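J.: Mind looking over this structure? Questions follow.
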Amino acid sequence: MANLKAAHKQLFARSPDERCEDLPDLSRRCQRKREQSQDRWESPQNLATIAESAEGRSSQLRAKIGSDGYWLNDWSFSQLCKMAGVAKDTVNRLSPETAAAVYRETLPRSGQKPLQFFVEGETVRSIHGTQYTRLWDIELVRVLQEFATDFQPPQKGFNGATGLYVGEQDLFAFLVDPLGWIEIGDQAFAPGFFCWNSEVGRRSLGISTFWFQAVCANHIVWDAVDVVDFSRKHTANVHEGLNEIRRIIEKLVQRRDERKDGFASVIEQAMSTQIGDNVDDATKFLLKNGVTRSLATRALEIAQDKGAFTIFSVVDALTMLARDVENAGDRTDADQKAASLLSLVNS
């Protein structure tokens, strides 16, 4: 079983003004952002930087888009640095007047493709090229409100955070079904999921569903099984990703209902089904079923420590290993191998 820490990291990373009390509160904030933000399309030649002061502010760097001036937030400033090919830390050490001169020399001026400036009031939230496609946070929240009706935030974290967050860079939601518990032997599992999005390209659109045994005040999800991950970049087909998230939630709800009977019997059978009497036999079984030798070796080491080479102990080990893999492709591969082994119980 894996211990999932995505919500735990959010608990410590989010400021109080980014915390939401419940889904309606999250929805209101996302809708307000949607109404107050808009895109501006301009050619690269229409972007300039100036040093300017305003009431209550000392001289600061401003972006001039066409004839209008805008302040930069941390994210759009980072994107501007990347466009110009200059280090953010270096620019931060310069005066606004010198930084503006640096950008005049380094920002690209050629090319016919326009830039997408995402603005809210007098602030640029993000800068993108033509390949970026925005998916609004409110679109994801509406899917949650329509298809995850039985899910709600877990117990509040030690600092009062609920697990629902939205800020200028991204959204993160942690939801569980408090009535979806099923008994497996002497253990109980309930369904839950994380989902996330960014209107400014800070992170992908995605979801991670799981069955868990407990959530602590640090929002660590303990003893999770059957973890399913999905993510989609903000390119032309990102809205298809939103449809996939809807299907994943619907499948989780369907499996919750089915598993109140079936899941327990499958896991119990997996716990009693041996894949070998020793390491060599177990390795041959895993290789035959598509698990790489290196992954099989590591999984069997974990399973052996637990005292048995059963399908469940190996699936549990593969799930645990997948949580520690940084590469998304390798993580997905490990998850798929775990799921295919569990499916053998019914074959």
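Residue numbers start at 1 in each chain; chains themselves are named A, B, ... in the order of the structure tokens; ligands are numbered from 1 in the order shown.
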Would you please extract all alpha helix (DSSP H) residues from range 41-271 of chain A, as assigned by DSSP on the backbone, and give them as a PyMOL selection string?
T.: chain A and resi 74-84+88-92+96-106+137-147+238-259+262-271
J.: Give me every strand (DSSP E) residue in range 94-310 of chain A, going by DSSP on the backbone, as JSON, numbers by chain.
T.: {"A": [115, 116, 117, 118, 119, 120, 123, 124, 125, 126, 127, 128, 164, 165, 166, 171, 172, 173, 174, 175, 176, 182, 183, 184, 187, 188, 189, 190, 191, 192, 193, 194, 195, 196, 197, 205, 206, 207, 208, 209, 210, 211, 212, 214, 215, 221, 222, 223, 224, 225, 226, 227, 228, 229, 230, 231, 232]}
J.: Output C-alpha atoms for every residue in that selection, as a PDB file, in the first residue's frame.
T.:
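Heads up, here's the output in result_35.pdb:
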```
ATOM      1  CA  LEU A 115       1.366  36.263 -28.104  1.00  0.00           C
ATOM      2  CA  GLN A 116      -1.472  35.465 -25.716  1.00  0.00           C
ATOM      3  CA  PHE A 117      -1.522  37.822 -22.723  1.00  0.00           C
ATOM      4  CA  PHE A 118      -3.850  36.675 -19.935  1.00  0.00           C
ATOM      5  CA  VAL A 119      -4.757  39.727 -17.871  1.00  0.00           C
ATOM      6  CA  GLU A 120      -6.839  40.428 -14.778  1.00  0.00           C
ATOM      7  CA  THR A 123      -1.979  42.551 -13.859  1.00  0.00           C
ATOM      8  CA  VAL A 124      -0.656  40.104 -16.452  1.00  0.00           C
ATOM      9  CA  ARG A 125      -1.367  36.607 -15.124  1.00  0.00           C
ATOM     10  CA  SER A 126       0.469  34.717 -17.894  1.00  0.00           C
ATOM     11  CA  ILE A 127       2.066  34.979 -21.336  1.00  0.00           C
ATOM     12  CA  HIS A 128       1.767  32.185 -23.890  1.00  0.00           C
ATOM     13  CA  LEU A 164      -9.546  22.774  -1.516  1.00  0.00           C
ATOM     14  CA  TYR A 165      -7.249  25.495  -2.848  1.00  0.00           C
ATOM     15  CA  VAL A 166      -7.217  28.069  -5.631  1.00  0.00           C
ATOM     16  CA  LEU A 171      -6.232  24.899  -8.370  1.00  0.00           C
ATOM     17  CA  PHE A 172      -6.011  21.724  -6.255  1.00  0.00           C
ATOM     18  CA  ALA A 173      -8.901  19.707  -4.801  1.00  0.00           C
ATOM     19  CA  PHE A 174      -8.782  16.762  -2.389  1.00  0.00           C
ATOM     20  CA  LEU A 175     -12.111  14.952  -2.017  1.00  0.00           C
ATOM     21  CA  VAL A 176     -13.242  11.698  -0.381  1.00  0.00           C
ATOM     22  CA  ILE A 182     -16.051  -1.234   2.306  1.00  0.00           C
ATOM     23  CA  GLU A 183     -14.714  -3.988   4.515  1.00  0.00           C
ATOM     24  CA  ILE A 184     -11.910  -6.270   3.326  1.00  0.00           C
ATOM     25  CA  GLN A 187      -9.547  -3.585   7.006  1.00  0.00           C
ATOM     26  CA  ALA A 188     -11.732  -0.780   5.616  1.00  0.00           C
ATOM     27  CA  PHE A 189     -11.178   1.251   2.435  1.00  0.00           C
ATOM     28  CA  ALA A 190     -12.942   4.322   1.012  1.00  0.00           C
ATOM     29  CA  PRO A 191     -12.614   6.072  -2.370  1.00  0.00           C
ATOM     30  CA  GLY A 192     -11.053   9.488  -2.877  1.00  0.00           C
ATOM     31  CA  PHE A 193      -9.185  11.572  -5.400  1.00  0.00           C
ATOM     32  CA  PHE A 194      -6.961  14.580  -6.029  1.00  0.00           C
ATOM     33  CA  CYS A 195      -7.524  16.797  -9.058  1.00  0.00           C
ATOM     34  CA  TRP A 196      -5.752  19.910 -10.303  1.00  0.00           C
ATOM     35  CA  ASN A 197      -5.557  22.509 -13.055  1.00  0.00           C
ATOM     36  CA  LEU A 205      -4.870  19.251 -15.901  1.00  0.00           C
ATOM     37  CA  GLY A 206      -5.115  15.992 -13.982  1.00  0.00           C
ATOM     38  CA  ILE A 207      -6.669  13.606 -11.504  1.00  0.00           C
ATOM     39  CA  SER A 208      -5.475  10.789  -9.236  1.00  0.00           C
ATOM     40  CA  THR A 209      -8.068   8.385  -7.813  1.00  0.00           C
ATOM     41  CA  PHE A 210      -7.479   5.827  -5.070  1.00  0.00           C
ATOM     42  CA  TRP A 211      -8.929   3.726  -2.258  1.00  0.00           C
ATOM     43  CA  PHE A 212      -7.514   4.597   1.166  1.00  0.00           C
ATOM     44  CA  ALA A 214      -7.046   6.865   6.645  1.00  0.00           C
ATOM     45  CA  VAL A 215      -6.291  10.578   6.297  1.00  0.00           C
ATOM     46  CA  VAL A 221      -3.421   9.599   2.632  1.00  0.00           C
ATOM     47  CA  TRP A 222      -2.425   6.354   4.332  1.00  0.00           C
ATOM     48  CA  ASP A 223      -2.447   2.849   2.855  1.00  0.00           C
ATOM     49  CA  ALA A 224      -3.828   3.690  -0.597  1.00  0.00           C
ATOM     50  CA  VAL A 225      -4.487   0.960  -3.161  1.00  0.00           C
ATOM     51  CA  ASP A 226      -5.687   0.900  -6.779  1.00  0.00           C
ATOM     52  CA  VAL A 227      -4.174   4.311  -7.569  1.00  0.00           C
ATOM     53  CA  VAL A 228      -5.063   5.616 -11.043  1.00  0.00           C
ATOM     54  CA  ASP A 229      -3.338   8.720 -12.468  1.00  0.00           C
ATOM     55  CA  PHE A 230      -4.296  10.826 -15.484  1.00  0.00           C
ATOM     56  CA  SER A 231      -2.969  14.174 -16.742  1.00  0.00           C
ATOM     57  CA  ARG A 232      -3.237  16.270 -19.895  1.00  0.00           C
TER      58      ARG A 232
END
```
J.: Skipping near chain neighbours, those fewer than 6 positions away, what residues fall within 10 Å of Leu344 in chain A using only C-alpha atoms, listed as a short mmCIF file (atom, residue, chain, number, x, y, z; two decimals) with N, CA and C atoms, in the first residue's frame?
T.:
```
data_model
loop_
_atom_site.label_atom_id
_atom_site.label_comp_id
_atom_site.auth_asym_id
_atom_site.auth_seq_id
_atom_site.Cartn_x
_atom_site.Cartn_y
_atom_site.Cartn_z
N VAL A 266 -12.43 -9.79 -4.48
CA VAL A 266 -11.25 -9.78 -5.35
C VAL A 266 -9.98 -9.62 -4.51
N ALA A 270 -6.96 -12.15 -4.03
CA ALA A 270 -5.60 -11.75 -4.38
C ALA A 270 -4.64 -11.98 -3.21
N THR A 273 -3.81 -15.80 -3.29
CA THR A 273 -3.30 -16.41 -4.52
C THR A 273 -1.79 -16.26 -4.61
N ASN A 289 4.11 -11.93 -17.22
CA ASN A 289 2.97 -11.02 -17.24
C ASN A 289 3.38 -9.56 -17.49
N ILE A 311 -0.46 -12.31 -5.15
CA ILE A 311 -0.78 -11.26 -6.11
C ILE A 311 -0.96 -9.92 -5.39
#
```
J.: Using only C-alpha atoms, which protein or nucleic acid residues come within 8 Å of Trp75 in chain A? Drop anything in the same chain fewer than 2 positions from it, and give the result as a PDB file with N, CA and C atoms, in the first residue's frame.
T.:
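Written output follows (result_9.pdb):
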```
ATOM      1  N   LEU A  72       3.296  42.934 -13.452  1.00  0.00           N
ATOM      2  CA  LEU A  72       3.605  41.513 -13.619  1.00  0.00           C
ATOM      3  C   LEU A  72       3.533  40.830 -12.257  1.00  0.00           C
ATOM      4  N   ASN A  73       2.936  39.628 -12.207  1.00  0.00           N
ATOM      5  CA  ASN A  73       3.033  38.823 -10.982  1.00  0.00           C
ATOM      6  C   ASN A  73       4.233  37.895 -11.100  1.00  0.00           C
ATOM      7  N   PHE A  77       6.173  37.218 -14.670  1.00  0.00           N
ATOM      8  CA  PHE A  77       7.549  37.713 -14.677  1.00  0.00           C
ATOM      9  C   PHE A  77       8.522  36.588 -15.034  1.00  0.00           C
ATOM     10  N   SER A  78       8.279  35.387 -14.468  1.00  0.00           N
ATOM     11  CA  SER A  78       9.132  34.231 -14.799  1.00  0.00           C
ATOM     12  C   SER A  78       9.024  33.890 -16.276  1.00  0.00           C
ATOM     13  N   GLN A  79       7.819  33.957 -16.834  1.00  0.00           N
ATOM     14  CA  GLN A  79       7.636  33.665 -18.250  1.00  0.00           C
ATOM     15  C   GLN A  79       8.326  34.708 -19.127  1.00  0.00           C
ATOM     16  N   ARG A 125      -1.439  37.875 -15.841  1.00  0.00           N
ATOM     17  CA  ARG A 125      -1.367  36.607 -15.124  1.00  0.00           C
ATOM     18  C   ARG A 125      -0.451  35.607 -15.823  1.00  0.00           C
ATOM     19  N   SER A 126      -0.399  35.646 -17.173  1.00  0.00           N
ATOM     20  CA  SER A 126       0.469  34.717 -17.894  1.00  0.00           C
ATOM     21  C   SER A 126       0.684  35.209 -19.311  1.00  0.00           C
ATOM     22  N   GLN A 169      -2.032  30.938  -9.513  1.00  0.00           N
ATOM     23  CA  GLN A 169      -1.333  30.042 -10.428  1.00  0.00           C
ATOM     24  C   GLN A 169      -2.062  28.732 -10.697  1.00  0.00           C
ATOM     25  N   ARG A 202       0.815  26.751 -15.254  1.00  0.00           N
ATOM     26  CA  ARG A 202       1.779  26.398 -14.197  1.00  0.00           C
ATOM     27  C   ARG A 202       1.874  24.885 -14.030  1.00  0.00           C
TER      28      ARG A 202
END
```
J.: Grab the CA of Ala2 in chain A to CA of Thr319 in chain A distance for me, in Å with one decimal place.
T.: 6.2 Å
J.: Please determine, counting only C-alpha atoms, which residue among A:Leu341, A:Trp136, A:Pro24, A:Ile275 has the shortest atom-to-atom distance to Phe309 in chain A.
T.: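 Of A:Leu341, A:Trp136, A:Pro24, A:Ile275, the one nearest Phe309 in chain A, counting only C-alpha atoms, is A:Ile275.
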J.: What separation in Å, quoted to one decimal, exists between CA of Gly167 in chain A and CA of Glu18 in chain A?
T.: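 Pair CA of Gly167 in chain A / CA of Glu18 in chain A returns 5.2 Å.
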J.: When you look at Asn243 in chain A with a cut-off of 12 Å (counting only C-alpha atoms), what residues show up, excluding the ones that are within fewer than 3 positions of it in the same chain? I need them as an MDAnalysis selection string.
T.: chainID A and resid 135 139:140 142:144 147 205:207 230:232 237:240 246:250
J.: Write the residues of the selection above to a file with C-alpha atoms, as a short mmCIF file (atom, residue, chain, number, x, y, z; two decimals), in the first residue's frame.
T.:
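Writing the result to again_32.cif gives the following:
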```cif
data_model
loop_
_atom_site.label_atom_id
_atom_site.label_comp_id
_atom_site.auth_asym_id
_atom_site.auth_seq_id
_atom_site.Cartn_x
_atom_site.Cartn_y
_atom_site.Cartn_z
CA LEU A 135 -9.02 25.40 -19.55
CA GLU A 139 -14.90 24.14 -15.90
CA LEU A 140 -13.18 21.51 -13.76
CA ARG A 142 -18.43 22.14 -12.51
CA VAL A 143 -17.48 18.57 -13.42
CA LEU A 144 -16.80 17.86 -9.75
CA PHE A 147 -20.34 13.97 -11.11
CA LEU A 205 -4.87 19.25 -15.90
CA GLY A 206 -5.11 15.99 -13.98
CA ILE A 207 -6.67 13.61 -11.50
CA PHE A 230 -4.30 10.83 -15.48
CA SER A 231 -2.97 14.17 -16.74
CA ARG A 232 -3.24 16.27 -19.89
CA ASN A 237 -7.05 18.70 -26.92
CA VAL A 238 -7.07 19.72 -23.26
CA HIS A 239 -10.88 19.79 -23.15
CA GLU A 240 -10.87 16.11 -24.10
CA ARG A 246 -15.49 13.02 -15.92
CA ARG A 247 -15.28 9.38 -17.09
CA ILE A 248 -12.69 8.55 -14.42
CA ILE A 249 -14.91 9.97 -11.67
CA GLU A 250 -17.94 8.12 -13.05
#
```
J.: Pick from A:Asp170, A:Asp89, A:Asp281, A:Asp137: nearest to Ser27 in chain A, with only C-alpha atoms counted?
T.: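 Using only C-alpha atoms, Ser27 in chain A sits closest to A:Asp137.
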J.: Neighbours of Leu295 in chain A within 9 Å (only C-alpha atoms; same-chain residues fewer than 3 positions away dropped), as a ChimeraX atom specification?
T.: /A:291-292,298-300,318,321,334
J.: Produce a file of the selected residues containing N, CA and C atoms, as an mmCIF file, in the first residue's frame.
T.:
```
data_model
loop_
_atom_site.group_PDB
_atom_site.id
_atom_site.type_symbol
_atom_site.label_atom_id
_atom_site.label_comp_id
_atom_site.auth_asym_id
_atom_site.auth_seq_id
_atom_site.Cartn_x
_atom_site.Cartn_y
_atom_site.Cartn_z
ATOM 1 N N VAL A 291 5.995 -7.597 -16.469
ATOM 2 C CA VAL A 291 6.734 -6.762 -15.527
ATOM 3 C C VAL A 291 8.221 -6.862 -15.849
ATOM 4 N N THR A 292 8.907 -5.735 -15.926
ATOM 5 C CA THR A 292 10.333 -5.762 -16.226
ATOM 6 C C THR A 292 11.108 -6.428 -15.091
ATOM 7 N N ARG A 298 12.624 -5.422 -7.452
ATOM 8 C CA ARG A 298 12.334 -4.479 -6.362
ATOM 9 C C ARG A 298 11.001 -4.802 -5.693
ATOM 10 N N ALA A 299 9.995 -5.153 -6.497
ATOM 11 C CA ALA A 299 8.685 -5.465 -5.938
ATOM 12 C C ALA A 299 8.743 -6.719 -5.063
ATOM 13 N N LEU A 300 9.479 -7.729 -5.508
ATOM 14 C CA LEU A 300 9.563 -8.972 -4.748
ATOM 15 C C LEU A 300 10.349 -8.797 -3.454
ATOM 16 N N LEU A 318 4.126 -2.849 -6.146
ATOM 17 C CA LEU A 318 4.211 -2.076 -7.390
ATOM 18 C C LEU A 318 3.586 -0.698 -7.224
ATOM 19 N N LEU A 321 5.999 1.417 -5.257
ATOM 20 C CA LEU A 321 7.133 1.835 -6.083
ATOM 21 C C LEU A 321 6.730 2.929 -7.062
ATOM 22 N N ALA A 334 4.096 1.354 -14.201
ATOM 23 C CA ALA A 334 4.045 0.552 -12.985
ATOM 24 C C ALA A 334 2.612 0.385 -12.499
#
```
J.: Kindly give the distance, in Å, that separates CA of Asp316 in chain A and CA of Thr162 in chain A, rounded to a single decimal.
T.: 28.3 Å
